[in-house]
Structures are given as structure tokens and as C-alpha cells.
file input.txt (compact mmCIF, C-alpha atoms)
# COMPACT_ATOMS: atom_id res chain seq x y z
CA MET A 15 0.00 0.00 0.00
CA ALA A 16 2.71 2.49 -0.95
CA GLU A 17 0.89 5.34 -2.63
CA LYS A 18 2.68 8.40 -3.83
CA ASN A 19 3.02 11.27 -1.36
CA ILE A 20 2.20 8.89 1.46
CA THR A 21 4.85 7.79 3.91
CA GLU A 22 4.65 4.31 5.32
CA ILE A 23 4.87 4.71 9.07
CA THR A 24 6.08 1.94 11.37
CA ASP A 25 6.73 1.66 15.10
CA GLU A 26 10.39 2.18 14.24
CA ASN A 27 10.17 5.35 12.13
CA PHE A 28 7.17 6.96 13.86
CA LYS A 29 9.26 9.27 16.09
CA ASN A 30 11.53 10.36 13.29
CA GLU A 31 8.92 10.74 10.55
CA ILE A 32 5.98 12.10 12.54
CA LEU A 33 6.94 13.48 15.96
CA GLU A 34 10.03 15.20 14.55
CA SER A 35 8.47 16.20 11.23
CA PRO A 36 9.17 19.86 10.38
CA THR A 37 5.67 20.15 8.89
CA PRO A 38 2.43 19.07 10.57
CA ALA A 39 1.69 15.38 10.01
CA LEU A 40 -1.42 13.29 9.61
CA VAL A 41 -1.30 9.58 10.40
CA ASP A 42 -3.98 7.21 9.18
CA PHE A 43 -4.09 4.18 11.49
CA TRP A 44 -5.58 1.38 9.45
CA ALA A 45 -5.72 -2.39 8.85
CA ALA A 46 -6.60 -4.60 5.92
CA TRP A 47 -9.53 -6.19 7.77
CA CYS A 48 -11.28 -2.86 8.28
CA GLY A 49 -13.74 -2.03 5.48
CA PRO A 50 -14.13 1.66 6.35
CA CYS A 51 -10.32 1.99 6.45
CA ARG A 52 -10.07 0.67 2.92
CA ALA A 53 -12.93 2.95 1.92
CA ILE A 54 -11.26 6.13 3.16
CA ALA A 55 -7.86 5.21 1.71
CA PRO A 56 -8.54 7.06 -1.60
CA VAL A 57 -9.58 10.18 0.34
CA VAL A 58 -6.33 10.13 2.30
CA GLU A 59 -4.43 9.75 -0.99
CA GLU A 60 -6.21 12.75 -2.51
CA LEU A 61 -5.39 14.82 0.56
CA ALA A 62 -1.75 13.78 0.32
CA THR A 63 -1.61 15.16 -3.22
CA GLN A 64 -3.63 18.26 -2.39
CA PHE A 65 -1.51 19.27 0.61
CA GLN A 66 1.81 18.02 -0.74
CA GLY A 67 4.70 19.89 0.89
CA GLN A 68 2.45 21.47 3.51
CA ILE A 69 1.71 18.40 5.57
CA LYS A 70 3.22 14.97 5.81
CA ILE A 71 0.67 12.20 5.40
CA GLY A 72 1.47 8.74 6.64
CA LYS A 73 -0.28 5.41 7.01
CA LEU A 74 0.39 3.05 9.86
CA ASN A 75 -0.78 -0.56 9.68
CA VAL A 76 -1.93 -1.37 13.22
CA ASP A 77 -1.53 -5.11 12.66
CA GLU A 78 2.15 -4.84 11.84
CA ASN A 79 2.83 -1.97 14.23
CA PRO A 80 0.91 -2.46 17.48
CA LYS A 81 3.16 -0.31 19.69
CA THR A 82 2.29 3.15 18.38
CA PRO A 83 -1.51 2.71 18.37
CA GLY A 84 -1.17 1.33 21.91
CA GLN A 85 0.69 4.49 22.99
CA TYR A 86 -2.14 6.65 21.74
CA GLY A 87 -4.86 4.43 23.24
CA ILE A 88 -6.30 3.60 19.84
CA ARG A 89 -8.98 0.92 20.08
CA ALA A 90 -10.98 1.85 16.99
CA ILE A 91 -10.01 2.32 13.38
CA PRO A 92 -9.87 4.13 11.12
CA THR A 93 -8.34 6.71 13.44
CA LEU A 94 -6.60 9.73 11.98
CA ILE A 95 -4.35 11.81 14.20
CA LEU A 96 -2.99 15.23 13.29
CA PHE A 97 0.35 16.06 14.88
CA LYS A 98 2.11 19.39 15.12
CA LYS A 99 5.59 19.57 16.62
CA GLY A 100 5.15 16.12 18.12
CA ALA A 101 1.86 16.91 19.87
CA VAL A 102 -1.62 15.61 19.03
CA VAL A 103 -3.69 18.45 17.60
CA GLU A 104 -6.73 16.47 16.59
CA GLN A 105 -7.86 12.85 16.70
CA ILE A 106 -10.64 11.72 14.39
CA THR A 107 -12.18 8.26 14.76
CA GLY A 108 -14.33 6.57 12.15
CA ALA A 109 -14.79 7.22 8.47
CA VAL A 110 -15.48 10.93 7.96
CA SER A 111 -15.98 13.03 4.86
CA LYS A 112 -13.14 14.57 2.91
CA SER A 113 -14.31 18.05 3.83
CA THR A 114 -14.10 17.22 7.55
CA LEU A 115 -10.48 16.17 7.09
CA GLU A 116 -9.71 19.20 4.92
CA THR A 117 -11.08 21.51 7.59
CA ALA A 118 -9.02 19.80 10.26
CA ILE A 119 -5.84 20.00 8.16
CA LYS A 120 -6.35 23.65 7.24
CA LYS A 121 -6.84 24.50 10.91
CA THR A 122 -3.51 22.87 11.69
CA LEU A 123 -1.45 24.52 8.93
CA MET B 10 -21.91 23.67 -14.45
CA GLU B 11 -25.03 24.92 -12.63
CA ASN B 12 -26.86 25.12 -15.97
CA LEU B 13 -26.47 21.41 -16.58
CA VAL B 14 -29.68 19.53 -15.85
CA TYR B 15 -29.19 15.85 -15.11
CA ASP B 16 -31.86 13.30 -15.94
CA LEU B 17 -31.25 11.66 -12.59
CA ILE B 18 -29.29 12.37 -9.47
CA ILE B 19 -28.81 9.56 -6.97
CA ILE B 20 -27.88 10.49 -3.42
CA GLY B 21 -25.83 7.83 -1.68
CA GLY B 22 -23.40 5.16 -2.87
CA GLY B 23 -24.45 2.11 -0.89
CA PRO B 24 -26.01 -0.99 -2.48
CA ALA B 25 -29.31 0.81 -3.30
CA GLY B 26 -27.64 3.84 -4.90
CA LEU B 27 -25.05 1.84 -6.85
CA THR B 28 -27.72 -0.50 -8.20
CA ALA B 29 -29.79 2.50 -9.27
CA GLY B 30 -26.65 3.84 -10.95
CA ILE B 31 -26.11 0.62 -12.92
CA TYR B 32 -29.72 0.50 -14.11
CA ALA B 33 -29.84 4.23 -14.92
CA ARG B 34 -26.66 4.17 -16.97
CA ARG B 35 -27.77 1.09 -18.87
CA SER B 36 -30.90 3.11 -19.72
CA ARG B 37 -28.55 5.87 -20.93
CA LEU B 38 -29.87 8.37 -18.40
CA ASN B 39 -27.53 11.26 -17.78
CA THR B 40 -26.89 10.33 -14.18
CA LEU B 41 -24.83 11.63 -11.30
CA LEU B 42 -24.31 9.82 -8.02
CA ILE B 43 -23.42 12.00 -5.05
CA GLU B 44 -21.72 10.28 -2.13
CA LYS B 45 -20.72 12.18 0.97
CA LEU B 46 -17.84 9.86 1.79
CA ILE B 47 -16.82 6.90 -0.32
CA PRO B 48 -19.15 4.43 -2.03
CA GLY B 49 -20.01 1.62 0.33
CA GLY B 50 -22.40 2.51 3.08
CA GLN B 51 -23.09 0.46 6.17
CA ILE B 52 -22.22 -2.88 4.56
CA LEU B 53 -18.57 -1.75 4.60
CA THR B 54 -18.51 -2.60 8.28
CA THR B 55 -19.77 -6.16 7.77
CA ASP B 56 -16.93 -8.61 7.75
CA TRP B 57 -18.67 -11.34 5.85
CA VAL B 58 -21.86 -11.39 3.79
CA ASP B 59 -23.29 -14.90 3.49
CA ASN B 60 -26.83 -14.13 2.40
CA TYR B 61 -26.34 -12.19 -0.81
CA PRO B 62 -27.13 -14.57 -3.67
CA GLY B 63 -24.56 -15.23 -6.37
CA PHE B 64 -21.57 -15.61 -4.06
CA PRO B 65 -21.72 -19.23 -2.89
CA GLU B 66 -18.76 -18.84 -0.54
CA GLY B 67 -19.85 -15.41 0.74
CA LEU B 68 -17.61 -12.35 0.57
CA SER B 69 -16.64 -9.34 2.66
CA GLY B 70 -18.91 -6.31 2.80
CA PHE B 71 -16.10 -4.22 1.36
CA ASP B 72 -15.61 -6.56 -1.61
CA LEU B 73 -19.35 -6.74 -2.28
CA VAL B 74 -19.81 -2.97 -2.60
CA ASP B 75 -16.46 -2.56 -4.31
CA ASN B 76 -17.73 -5.00 -6.96
CA MET B 77 -20.96 -2.99 -7.26
CA ARG B 78 -19.01 0.25 -7.63
CA ARG B 79 -16.75 -1.21 -10.32
CA GLN B 80 -19.79 -2.57 -12.12
CA ALA B 81 -21.41 0.88 -12.04
CA GLU B 82 -18.19 2.47 -13.31
CA ARG B 83 -18.11 0.00 -16.19
CA PHE B 84 -21.30 1.71 -17.35
CA GLU B 85 -19.64 5.09 -16.81
CA LEU B 86 -21.62 6.21 -13.82
CA SER B 87 -20.25 9.55 -12.58
CA ILE B 88 -19.69 9.45 -8.85
CA ILE B 89 -18.74 12.59 -7.01
CA ASN B 90 -17.92 13.40 -3.45
CA ASP B 91 -20.17 16.01 -1.88
CA GLU B 92 -22.50 16.38 1.05
CA CYS B 93 -26.08 17.43 0.32
CA LEU B 94 -27.40 20.27 2.44
CA SER B 95 -30.87 21.00 1.09
CA LEU B 96 -33.43 20.21 -1.57
CA SER B 97 -35.79 22.60 -3.34
CA ILE B 98 -38.14 22.35 -6.29
CA ASP B 99 -38.14 24.66 -9.33
CA GLY B 100 -40.96 23.72 -11.70
CA SER B 101 -40.29 20.07 -12.47
CA ASP B 102 -36.56 20.45 -11.71
CA LYS B 103 -35.10 19.47 -8.37
CA ILE B 104 -32.32 21.62 -7.00
CA ILE B 105 -29.85 20.15 -4.56
CA ARG B 106 -27.55 22.44 -2.69
CA GLY B 107 -24.35 20.62 -1.83
CA HIS B 108 -21.34 21.60 0.22
CA GLN B 109 -19.37 22.22 -2.97
CA ARG B 110 -21.94 23.26 -5.56
CA VAL B 111 -25.54 23.32 -6.67
CA TYR B 112 -27.01 20.50 -8.74
CA ARG B 113 -30.11 20.50 -10.93
CA THR B 114 -31.92 17.35 -12.01
CA LYS B 115 -35.20 16.17 -13.49
CA ALA B 116 -35.49 13.16 -11.19
CA LEU B 117 -34.00 12.31 -7.82
CA ILE B 118 -33.44 9.02 -6.02
CA VAL B 119 -32.61 9.39 -2.35
CA ALA B 120 -30.58 6.38 -1.27
CA SER B 121 -28.73 8.07 1.54
CA GLY B 122 -28.91 5.10 3.85
CA ALA B 123 -28.69 5.09 7.60
CA THR B 124 -26.19 5.36 10.40
CA HIS B 125 -25.85 3.27 13.54
CA LYS B 126 -27.82 4.53 16.51
CA LYS B 127 -26.22 5.53 19.75
CA LEU B 128 -27.39 4.30 23.14
CA GLY B 129 -27.35 7.73 24.70
CA ALA B 130 -25.80 6.27 27.86
CA PRO B 131 -23.45 8.36 29.99
CA GLY B 132 -19.83 7.67 29.05
CA GLU B 133 -20.68 6.51 25.52
CA GLU B 134 -19.56 9.70 23.78
CA ARG B 135 -16.51 10.32 25.95
CA LEU B 136 -15.18 6.76 25.57
CA GLY B 137 -15.92 6.52 21.83
CA GLY B 138 -12.91 4.91 20.16
CA LYS B 139 -11.58 4.10 23.63
CA GLY B 140 -13.45 0.87 24.08
CA VAL B 141 -16.85 2.00 22.80
CA SER B 142 -17.30 0.82 19.23
CA TYR B 143 -19.98 0.56 16.57
CA CYS B 144 -17.97 -1.62 14.17
CA ALA B 145 -16.92 -5.11 15.21
CA THR B 146 -14.85 -5.80 12.10
CA CYS B 147 -12.93 -2.56 12.51
CA ASP B 148 -12.23 -2.78 16.18
CA GLY B 149 -12.61 -6.43 17.22
CA PRO B 150 -8.92 -7.27 16.96
CA PHE B 151 -8.11 -4.64 19.61
CA PHE B 152 -9.92 -6.82 22.16
CA ARG B 153 -7.92 -10.06 21.98
CA ASP B 154 -8.44 -12.17 25.13
CA GLN B 155 -10.48 -9.44 26.76
CA GLU B 156 -14.02 -9.28 28.10
CA ILE B 157 -16.52 -7.22 26.16
CA ALA B 158 -20.22 -6.56 25.75
CA VAL B 159 -22.36 -6.48 22.65
CA VAL B 160 -25.54 -4.47 23.05
CA GLY B 161 -28.50 -5.40 20.84
CA GLY B 162 -30.43 -8.45 19.71
CA GLY B 163 -30.96 -8.08 15.97
CA ASP B 164 -29.10 -9.66 13.07
CA THR B 165 -26.24 -7.18 13.20
CA ALA B 166 -25.69 -7.49 16.95
CA VAL B 167 -25.77 -11.28 16.95
CA GLN B 168 -23.65 -11.70 13.84
CA GLU B 169 -21.05 -9.30 15.21
CA ALA B 170 -21.08 -11.03 18.61
CA LEU B 171 -20.27 -14.28 16.80
CA TYR B 172 -17.50 -12.55 14.86
CA LEU B 173 -16.05 -11.14 18.08
CA THR B 174 -15.66 -14.63 19.55
CA ARG B 175 -12.53 -14.85 17.40
CA PHE B 176 -10.89 -12.27 19.62
CA ALA B 177 -12.63 -11.73 22.96
CA LYS B 178 -12.60 -14.48 25.56
CA LYS B 179 -15.99 -13.54 27.01
CA ILE B 180 -18.86 -11.65 25.38
CA TYR B 181 -21.90 -10.42 27.28
CA LEU B 182 -24.80 -10.11 24.87
CA ILE B 183 -27.08 -7.51 26.39
CA HIS B 184 -30.59 -7.40 25.07
CA ARG B 185 -33.64 -5.57 26.37
CA ARG B 186 -36.01 -8.44 25.57
CA ASP B 187 -36.12 -12.08 26.69
CA GLN B 188 -35.30 -13.43 23.24
CA LEU B 189 -33.23 -12.38 20.26
CA ARG B 190 -34.72 -10.80 17.17
CA ALA B 191 -31.95 -12.11 14.91
CA THR B 192 -32.60 -14.72 12.24
CA ARG B 193 -32.81 -18.28 13.59
CA ILE B 194 -29.51 -19.59 12.27
CA LEU B 195 -27.66 -16.75 14.00
CA GLN B 196 -29.58 -17.25 17.26
CA GLU B 197 -28.74 -20.94 17.33
CA LYS B 198 -25.06 -20.27 16.75
CA ALA B 199 -24.87 -17.52 19.36
CA LEU B 200 -26.79 -19.30 22.09
CA SER B 201 -24.67 -22.44 21.74
CA ASP B 202 -21.37 -20.55 21.75
CA PRO B 203 -19.59 -20.98 25.09
CA ALA B 204 -18.00 -17.51 24.84
CA ILE B 205 -21.33 -15.70 24.51
CA HIS B 206 -23.23 -14.95 27.72
CA PRO B 207 -26.67 -13.44 27.16
CA ILE B 208 -28.04 -10.99 29.67
CA TRP B 209 -31.77 -10.81 29.02
CA ASN B 210 -34.21 -7.98 29.75
CA ALA B 211 -31.40 -5.56 30.41
CA VAL B 212 -30.18 -2.18 29.23
CA VAL B 213 -26.87 -0.39 29.64
CA GLU B 214 -27.29 2.42 32.13
CA ALA B 215 -23.75 3.80 31.96
CA ILE B 216 -20.31 3.10 30.54
CA THR B 217 -17.50 3.94 32.93
CA GLY B 218 -13.73 4.30 32.81
CA THR B 219 -11.06 6.98 33.11
CA ASP B 220 -9.25 6.91 29.74
CA GLN B 221 -10.57 3.57 28.51
CA VAL B 222 -13.72 1.56 29.10
CA GLU B 223 -13.44 -0.20 32.45
CA ALA B 224 -17.00 -1.31 33.23
CA ILE B 225 -20.66 -1.02 32.32
CA LYS B 226 -23.64 -0.64 34.61
CA VAL B 227 -26.52 -2.83 33.51
CA MET B 228 -30.09 -2.23 34.60
CA LYS B 229 -32.91 -4.76 34.36
CA VAL B 230 -35.96 -3.53 32.46
CA ASP B 231 -38.30 -4.79 35.22
CA GLY B 232 -36.58 -2.55 37.75
CA SER B 233 -34.89 -5.38 39.67
CA PRO B 234 -31.30 -4.66 40.72
CA GLY B 235 -28.76 -4.66 37.92
CA GLU B 236 -25.04 -5.15 38.12
CA THR B 237 -21.71 -3.58 37.28
CA ILE B 238 -19.68 -5.68 34.88
CA PRO B 239 -15.96 -5.01 34.57
CA LEU B 240 -14.90 -5.24 30.91
CA GLN B 241 -12.74 -3.54 28.30
CA GLY B 242 -15.05 -3.02 25.34
CA VAL B 243 -18.66 -2.25 24.44
CA PHE B 244 -19.98 -2.81 20.93
CA ILE B 245 -23.22 -0.93 20.40
CA LEU B 246 -25.38 -2.45 17.66
CA VAL B 247 -28.87 -1.28 18.53
CA GLY B 248 -30.26 -0.31 15.17
CA ILE B 249 -30.06 2.55 12.74
CA GLN B 250 -31.27 6.06 12.07
CA PRO B 251 -31.83 7.37 8.54
CA ASN B 252 -29.51 9.93 6.95
CA THR B 253 -32.38 12.23 6.06
CA GLU B 254 -31.81 15.19 8.38
CA TRP B 255 -31.15 17.48 5.37
CA LEU B 256 -34.53 16.59 3.85
CA LYS B 257 -36.66 17.39 6.90
CA GLY B 258 -39.59 19.55 5.88
CA THR B 259 -39.25 18.79 2.16
CA LEU B 260 -40.13 15.09 2.00
CA PRO B 261 -42.79 13.22 3.97
CA MET B 262 -41.16 11.01 6.61
CA ASP B 263 -42.21 8.93 9.57
CA PRO B 264 -41.40 10.21 13.09
CA GLN B 265 -37.98 8.51 12.98
CA GLY B 266 -37.10 10.26 9.71
CA PHE B 267 -37.52 7.30 7.35
CA ILE B 268 -38.86 8.52 3.99
CA LEU B 269 -42.38 7.41 3.09
CA THR B 270 -42.77 5.76 -0.32
CA ASN B 271 -45.13 3.37 -2.06
CA SER B 272 -44.00 0.02 -3.47
CA GLU B 273 -42.77 1.79 -6.62
CA MET B 274 -40.35 3.83 -4.46
CA GLU B 275 -42.32 7.00 -5.22
CA THR B 276 -42.52 9.68 -2.56
CA SER B 277 -45.48 12.03 -2.64
CA LEU B 278 -43.41 14.51 -4.70
CA PRO B 279 -43.37 13.78 -8.45
CA GLY B 280 -39.97 12.67 -9.69
CA ILE B 281 -38.52 12.10 -6.23
CA PHE B 282 -37.93 8.52 -5.18
CA ALA B 283 -36.32 6.82 -2.20
CA ALA B 284 -34.53 3.48 -2.04
CA GLY B 285 -32.78 1.34 0.55
CA ASP B 286 -32.34 1.89 4.27
CA CYS B 287 -33.43 5.55 4.29
CA ARG B 288 -36.93 4.46 3.29
CA GLN B 289 -39.62 3.36 5.71
CA LYS B 290 -39.91 -0.40 5.39
CA GLU B 291 -39.89 -3.54 7.46
CA PHE B 292 -36.77 -5.35 6.26
CA ARG B 293 -33.32 -3.97 5.54
CA GLN B 294 -30.91 -6.25 3.75
CA VAL B 295 -28.43 -5.74 0.90
CA SER B 296 -30.74 -7.83 -1.25
CA THR B 297 -33.77 -5.65 -0.50
CA ALA B 298 -31.78 -2.44 -0.99
CA VAL B 299 -30.67 -3.65 -4.41
CA GLY B 300 -34.29 -4.37 -5.35
CA ASP B 301 -35.31 -0.89 -4.20
CA GLY B 302 -32.57 0.67 -6.33
CA ALA B 303 -33.66 -1.10 -9.49
CA THR B 304 -37.35 -0.37 -8.86
CA ALA B 305 -36.61 3.32 -8.29
CA VAL B 306 -34.97 3.57 -11.72
CA PHE B 307 -37.93 1.92 -13.48
CA SER B 308 -40.18 4.48 -11.76
CA THR B 309 -37.76 7.24 -12.74
CA GLU B 310 -37.94 6.25 -16.38
CA ARG B 311 -41.71 6.21 -16.25
CA TYR B 312 -41.68 9.68 -14.66
CA LEU B 313 -39.21 11.09 -17.21
CA GLY B 314 -41.51 9.84 -19.96
CA THR B 315 -44.29 12.08 -18.65
CA LEU B 316 -42.23 15.29 -18.80
call {"tool": "encode", "arguments": {"input": "input.txt", "output": "C-alpha cells"}}
result
Amino acid sequence: MAEKNITEITDENFKNEILESPTPALVDFWAAWCGPCRAIAPVVEELATQFQGQIKIGKLNVDENPKTPGQYGIRAIPTLILFKKGAVVEQITGAVSKSTLETAIKKTL
Amino acid sequence: MENLVYDLIIIGGGPAGLTAGIYARRSRLNTLLIEKLIPGGQILTTDWVDNYPGFPEGLSGFDLVDNMRRQAERFELSIINDECLSLSIDGSDKIIRGHQRVYRTKALIVASGATHKKLGAPGEERLGGKGVSYCATCDGPFFRDQEIAVVGGGDTAVQEALYLTRFAKKIYLIHRRDQLRATRILQEKALSDPAIHPIWNAVVEAITGTDQVEAIKVMKVDGSPGETIPLQGVFILVGIQPNTEWLKGTLPMDPQGFILTNSEMETSLPGIFAAGDCRQKEFRQVSTAVGDGATAVFSTERYLGTL
């Protein structure tokens, strides 16, 4: 699932790629067994293109990387978390519309 | 773009809307489907669909609607992403104001579906995503070897309780009646499953926990003393509410907001039809939604012929 403009996030690179990202970052916590996660994947891809250079967009597979979702108390997916300078700015759970995500991103920039 | 008048606009990209799209495009109607999120609808959250004919082994809810979407796209159905805000009538044209633009169409099929209902119990909102869930396939794996509750007694609740036995070690099935409403084959499976513990005639009074769900308070419907059950997750599957808020005051609905139609999917307004879960009806299945979608297009064609 390596789409363009989307960084694959793992437990190992999470700190470096997201917490220490110079730009705000959005992480999509997902898994293959989650229908709504697969459904919002194209929306996340569109946002990655739309906000290219302004925000880093990453996807973290919770099956392969259980540590990071555990740290953020994630027990529902899809969960999207917006980070700025290593801190959580907004946490959105469940499949939401593209405009909801756009609004959240614009608020963060 | 505002000057373009579509033959048909379909609101909603679940099974009803996508089926309508397939039929409409095969009838060469200039059709637009507006979906507020991504085509799919509620069936996206169903891990396995075993009762939709034509798939002898069953298939996932995601794959089923993804197939429908690809089939609709094969007939060049335009699908766009927008959220509808209001509907008005201009002569025989219907005007839909969306978040992004205004749409004009001769006929309209509302197939906007429904969303899971909330319990309204204290703690439910605050602990959402922190142990409170409405989607077993999405969130089940977070509850490996834990104790959880499933609230509800219909097909969805019982099927999801059975699905959750793959992960949770103990599942309280909390239902406000003394028997399940789910189809018999599901009841038999659930009631013979050693991991599933029904609690009859009971409702959830509160969900408690600091940062995560830690317990639920259960109250008996007859007023006898309930109990506090320590657990880590609560799956709430107590029915649906229609996505028709934006149509209030323009289309006749029942008190719950389900759109009133006849068996031809006609509302009382000429050229406006409803299909699938947003419509008032007794049974809500993918197979019935698909039938609604096809019927709505036949009625649309008949209506367009009168213009």
C-alpha cells in the first residue's frame, strides 16, 4: 500500500517521521480487515496530493505496528491523528468526509 | 456547471444507490451519483456477507460494494464526493444544494442510507474509540483475550457477537427483551457458543472508565437490581437512524425520519424517489436495498416519460 506522497509509518520510524516532522503530520491508522479503512484510503491519498509539501501524510498498519496505536490508546479504526511539533492536535475516529479532514488539516497549517 | 440539468441524481453510494446507478446508466440516463464519503455505506462494516445470492462462498462487505461500484463504473456512472445540504423544487426540476456546488436534475433518487444509533448512555460519547465501538470488524482485533459486551439483539448485533468470539474471551450479549430478534440460524449459533453470555431484559445504564472503558452498569428492564460488569469493550449495535436530516420539511417522513414511499419507491413529490435503508420499510438487507434501487430507476424512467 505504498501510494505516492504517502509515507509508510512503522513503530520504528514513527518518532523520526511524525513526531520530529518539520511540517504538521497526519497519520492514518488502518488495517486490511477494516472495510471503512479501505474505503477512506482514496480520500487520504487525494489529501496527500492536495496538501503536498504542507503536511506529511502517513499510514500506519496497526496489525504490523501495534506499539504506536497502543501508545495513543487507539482501540478503533480508522483513526486519523494530526500532529504538530510532536503533539496531538486532533484525533478523528471513524470514516469521515473529505471536507471534515480538509477543515481539520487547514486549521492545523 | 449549474446550468447542466441531469436526468437523474442519486444520493448515496451504498447498495441501493449503486444498483440504481447501474440501471440508470444502462438506460442511458444522464446520471450523477453523489456520495458524501466513499461508495459503500453500512455494509462496509460487515466482515462477511453470506446471504447475498450469487456468491456461494460469501464475501466481505467491502468486496461486495467494491464490486458494485466497479460494475457501475463500467457503465460510466459519474460518482462525485459532496455532502447534500438542502433540496428545493423549481418547476419540475429538483435543485440540490451541496457543500461544494448546486445540482439541478429532473429526477432524484434518495438512497442516503442510515447510520448506527447511539445508546445515549453516559460515558458513551466520551469513551468513543476508547473501548466503545460501533464496528466489530474494525475494532474487534483490539480486544484479543479481553471481556466485552455487545448491546442489541438483531441480526447485526448477533452476527457481530459471533464474529467477536474470534478475539474476545468472554462476550456479554445484552438485550432488552427475553429473546433475540436475529434470524434463527444466528440465534442458534450464538446461544450455543460458550464464549457468549446473554443478559436478558437488560439495558446499559452507563459506561464507565477513566481513559478507557473499564465497566458497564446494567439495569434490568423490570426494575430489579442490575449489576456492574468489569470489561474492556462495548460494541453498540442497537439499530439505525436514517440519513435524512437534510430533507426534513421537504419530503414526507415517519417520526424517525424514514422517507415514506409506495411500493414503486415513489414519494409524494413527483420525480422524487427513495430506495434502501433511508426508506420506511420492514426489512433492511443488501438484497432488499438492491431491489429498491432497481425499482426506483424503473419508476424514474416512467416519470421522465411524462415530462
call {"tool": "closest_residue", "arguments": {"input": "input.txt", "among": "B:Ile157, B:Ala130, B:Ala25, B:Leu53", "to": "Ala305 of chain B", "atoms": "all atoms listed in the file"}}
result
B:Ala25
call {"tool": "residues_around", "arguments": {"input": "input.txt", "residues": "Gly108 of chain A", "least_positions_apart": "3", "cutoff": "9 Å", "atoms": "all atoms listed in the file", "output": "PDB file with C-alpha atoms, keeping the file's coordinate frame"}}
result
ATOM      1  CA  PRO A  50     -14.130   1.660   6.350  1.00  0.00           C
ATOM      2  CA  CYS A  51     -10.320   1.990   6.450  1.00  0.00           C
ATOM      3  CA  ALA A  90     -10.980   1.850  16.990  1.00  0.00           C
ATOM      4  CA  ILE A  91     -10.010   2.320  13.380  1.00  0.00           C
ATOM      5  CA  PRO A  92      -9.870   4.130  11.120  1.00  0.00           C
ATOM      6  CA  THR A  93      -8.340   6.710  13.440  1.00  0.00           C
ATOM      7  CA  LEU A  94      -6.600   9.730  11.980  1.00  0.00           C
TER       8      LEU A  94
ATOM      9  CA  GLY B 138     -12.910   4.910  20.160  1.00  0.00           C
TER      10      GLY B 138
END
call {"tool": "closest_atom_pairs", "arguments": {"input": "input.txt", "of": "chain A", "to": "chain B", "cutoff": "7 Å", "atoms": "all atoms listed in the file", "output": "Markdown table"}}
result
| residue | atom | partner | partner_atom | distance |
| --- | --- | --- | --- | --- |
| A:Trp47 | CA | B:Thr146 | CA | 6.9 |
| A:Cys48 | CA | B:Cys147 | CA | 4.6 |
| A:Gly49 | CA | B:Leu53 | CA | 4.9 |
| A:Pro50 | CA | B:Leu53 | CA | 5.9 |
| A:Ala53 | CA | B:Ile47 | CA | 6.0 |
| A:Ile54 | CA | B:Ile47 | CA | 6.6 |
| A:Gly87 | CA | B:Lys139 | CA | 6.7 |
| A:Ile88 | CA | B:Lys139 | CA | 6.5 |
| A:Arg89 | CA | B:Lys139 | CA | 5.4 |
| A:Ala90 | CA | B:Gly138 | CA | 4.8 |
| A:Ile91 | CA | B:Cys147 | CA | 5.8 |
| A:Thr107 | CA | B:Gly138 | CA | 6.4 |
| A:Val110 | CA | B:Leu46 | CA | 6.7 |
| A:Ser111 | CA | B:Leu46 | CA | 4.8 |
| A:Lys112 | CA | B:Leu46 | CA | 6.7 |
call {"tool": "atom_distance", "arguments": {"input": "input.txt", "atom1": "atom CA of Lys126 of chain B", "atom2": "atom CA of Ser113 of chain A"}}
result
22.9 Å
call {"tool": "residues_around", "arguments": {"input": "input.txt", "residues": "segment 268-273 of chain B", "least_positions_apart": "2", "cutoff": "8 Å", "atoms": "all atoms listed in the file", "output": "number ranges by chain"}}
result
B: 253, 260-263, 266, 275-277, 282-283, 287-289, 304-305, 308
call {"tool": "write_last_selection", "arguments": {"input": "input.txt", "atoms": "C-alpha atoms", "output": "tab-separated table (two decimals), in the frame of the given file"}}
result
chain	number	residue	atom	x	y	z
B	253	THR	CA	-32.38	12.23	6.06
B	260	LEU	CA	-40.13	15.09	2.00
B	261	PRO	CA	-42.79	13.22	3.97
B	262	MET	CA	-41.16	11.01	6.61
B	263	ASP	CA	-42.21	8.93	9.57
B	266	GLY	CA	-37.10	10.26	9.71
B	275	GLU	CA	-42.32	7.00	-5.22
B	276	THR	CA	-42.52	9.68	-2.56
B	277	SER	CA	-45.48	12.03	-2.64
B	282	PHE	CA	-37.93	8.52	-5.18
B	283	ALA	CA	-36.32	6.82	-2.20
B	287	CYS	CA	-33.43	5.55	4.29
B	288	ARG	CA	-36.93	4.46	3.29
B	289	GLN	CA	-39.62	3.36	5.71
B	304	THR	CA	-37.35	-0.37	-8.86
B	305	ALA	CA	-36.61	3.32	-8.29
B	308	SER	CA	-40.18	4.48	-11.76
call {"tool": "atom_distance", "arguments": {"input": "input.txt", "atom1": "atom CA of Asp25 of chain A", "atom2": "atom CA of Asn79 of chain A"}}
result
5.4 Å
call {"tool": "closest_residue", "arguments": {"input": "input.txt", "among": "A:Glu22, A:Gln85, A:Ala118, A:Ala39", "to": "Gln68 of chain A", "atoms": "only C-alpha atoms"}}
result
A:Ala39
